[in-house]
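Take a look at the structure set out below.
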Amino acid sequence: MKKIIINILYKLISLIDYIDYHYIKKEKLIDNYKTIEEINLNNIEILTDTGYKKLSHLMISKPFEIYNIKLENGYELDCADEHKVFDENFNEIFVKDLYIGQYIQTDNGLQKLISISKSLTKISMCDTTVNDENHRFYSNGILSHNSVTTAIFCLWVILFNTNKAGLILSKSGPAGKELLKKVKDMYLYLPYYLKCGTVKWNISEISFDNNSSIATEAFSPTAGLGNTINFLILDEFAWCPPNDVELFYMNIIPVITADPTAQVCIMSTQNGFNLFYKLWRAAVEKKSDYAPFKVDWYQVPEYNAKTGEWEKRTEAWKKKMIGVLGSEEAFNYQYSIQFSASDKCLVSRECLSEINKTSELWTNRIDDLHNAGISLFLNYPDMLFWASDFDFDRLRDSYFLVCCDLSEGSGQDYIPFNIFMLPEKDKFIHVGRWYSNEIDLDMAALEFWLLMGQLFNSERCIWSIEWNTYGALFYKTLLSLNEPDYDEKSLYRFNICKEGLETANFCWYKKTNIEEEIIGKAKHTSNHIPGIKFTSGNKGTACSLLKMLLEKKQVITTDLITINELENFEDKNGNGSYKAAFGHDDSIMTFVQIPMVQQTTKYKYLVEEIEAGTISQQIENNWFNRNIYNNFNTGSYYNTQGQFDIFT
């Protein structure tokens, strides 16, 4: 009987609201969207997740369908379809978008949604404005939102600038309209003297008499074309349809860049290695005008309803959320800012997070080299980068390993020479990197010959290369460069490194194929080759060993390029065959050589010298000074017509 009476009352209220809205108050919508009446409130407070806060207004809305949600702890709420609640990470979510099993915020912590239903009955509802910066409040114990959040930048641009046109694009039309609605709400509560005259005021566009406007569209390949756009907001860009997004971006950017003062804001959670990832990485590597900004899960405080304070998220919180979501991969997908949410990365996410904390974009440091008294001559010096804290004086007295991954170059895969300093046995600190895919294999071999010949041509240094078709050709070219009459265009090299390259510094590995056919008769032994040949048998083992070295901090890098490659270096098939999930893995593959280097005779001899410290002072002083300081006093070198740049 009680339910019958309640249903009858709902029907009567629905009928009254229908008549009231459609025949009396429809033309009185305050924001042309939902509010038909506004009531000022004084001295009334409401419970929020940050304590009791004052209410400023009560808005009576147009009729909405009634949604009913029930939680596992017995909490229940009747509300509108676009009533906002909060998920595990305090992200706003419409009630109509909830799903069974989802967790939402309450005054009793996170609670699981067990039921959601919709009634065909429509009635007017009330919306409150909380006089607090987060605009949240508890309704029946469930943390809710009053639809007033920040869109300050958009409003500032069109309100305090003339002749500015803005465009909001989102993966769906309603999302963009919701953001525009926030701009409109802010405008309504501004004091009169800050407001401009309103020319347009509808659900998808507003404009003022200062000739500034902002509109919203749903994402499409041709969105915004033909319009003048001074600032563009791309919301959840990583989630736009992948088949259309690159065409759209290619079309819209020329429209934006026609105005040199135009601004573009791209916001998104990660969604794999797509265009958003490419733009983000280019921004991080300072290859574009975008300024990157990110917030990780541990940087966001968690509100403790019991203590009434914001607390730092800890590993304990993370473990709890992994339990709630069901897996670490699900946690990474929802909370991590790593573009690969997979748990199949070479190293653990904890290890990767620690490595990321020290990451930096390496620079050339040409001036620092010069200040250290080192005149380094290379054909492509702008391809050589160093860690910011590397002391170049260490080049005189430290031990080094240089690892190379070989490819065709010339716009294809990269050819990296990674430089590791060995301060002690089995400790490898990544300090330098030469890295390019713009030159061919022959020129890369010459660059290696010059770099090793000037800085690393002593008993303190060993070298390792990948042995494949390119590796064999690379090594053959190095042997040829040691011949005085090879390639007269490269004759200048002997003015730089008079003694040639000491090829005995290469690490030799057991031969697994007939590579001698490429380089001719090996000078070492017929059973060994001067490079590591990766196969399906040894690559998985090498990757597993590298994983241990990285997680034990025996291999250390701060290089952002390499760390980005490590982040998506994954074993997708679970068979130990690690490779890049997206982009390149050339730099990280030189790291995979390190465990193999540790097994070579050359490395074991070097370790004995590190431990015993028996390298003679003559080698330390005479070789370095002879090759670095004295080779260029005469100023005689072969100028390669623009290919050879000299920094003094």
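Chain identifiers are assigned as A, B, and so on, following the order in which chains appear in the structure tokens; residues are numbered from 1 within each chain, and ligands are numbered from 1 in order of appearance.
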Residues of stretch 283-414 of chain A classed as strand (DSSP E) by DSSP on the backbone are to be reported as a ChimeraX atom specification.
/A:302-304,309-311,384-386,400-404
Stretch 311-482 of chain A: residues DSSP assigns to alpha helix (DSSP H), reported as a PyMOL selection string
chain A and resi 315-325+328-335+349-357+366-371+394-397+441-455+469-481
Rounded to one decimal in Å, what is the spacing between atom CA of A:Phe153 and atom CA of A:Glu82?
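Atom-to-atom, atom CA of A:Phe153 and atom CA of A:Glu82 are spaced 24.0 Å apart.
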So which one's closest to A:Ile561, A:Arg365, A:Arg433, A:Lys294, A:Lys312? Using only C-alpha atoms, please.
A:Arg433
Name the closest residue to A:Thr557 among the candidates A:Lys602, A:Trp362, A:Leu376, A:Asp367; distances are taken between atoms, counting only C-alpha atoms.
A:Trp362
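Among the candidate residues A:Lys476, A:Lys427, A:Lys498, A:His584, the one lying nearest to A:Gly531 is A:Lys476, with distances computed using only C-alpha atoms.
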Could you check the closest approach to A:Ser117 for each of A:Tyr99, A:Phe569, A:Phe390, A:Phe231 and tell me which residue wins, using only C-alpha atoms?
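Nearest candidate to A:Ser117 out of A:Tyr99, A:Phe569, A:Phe390, A:Phe231: A:Tyr99.
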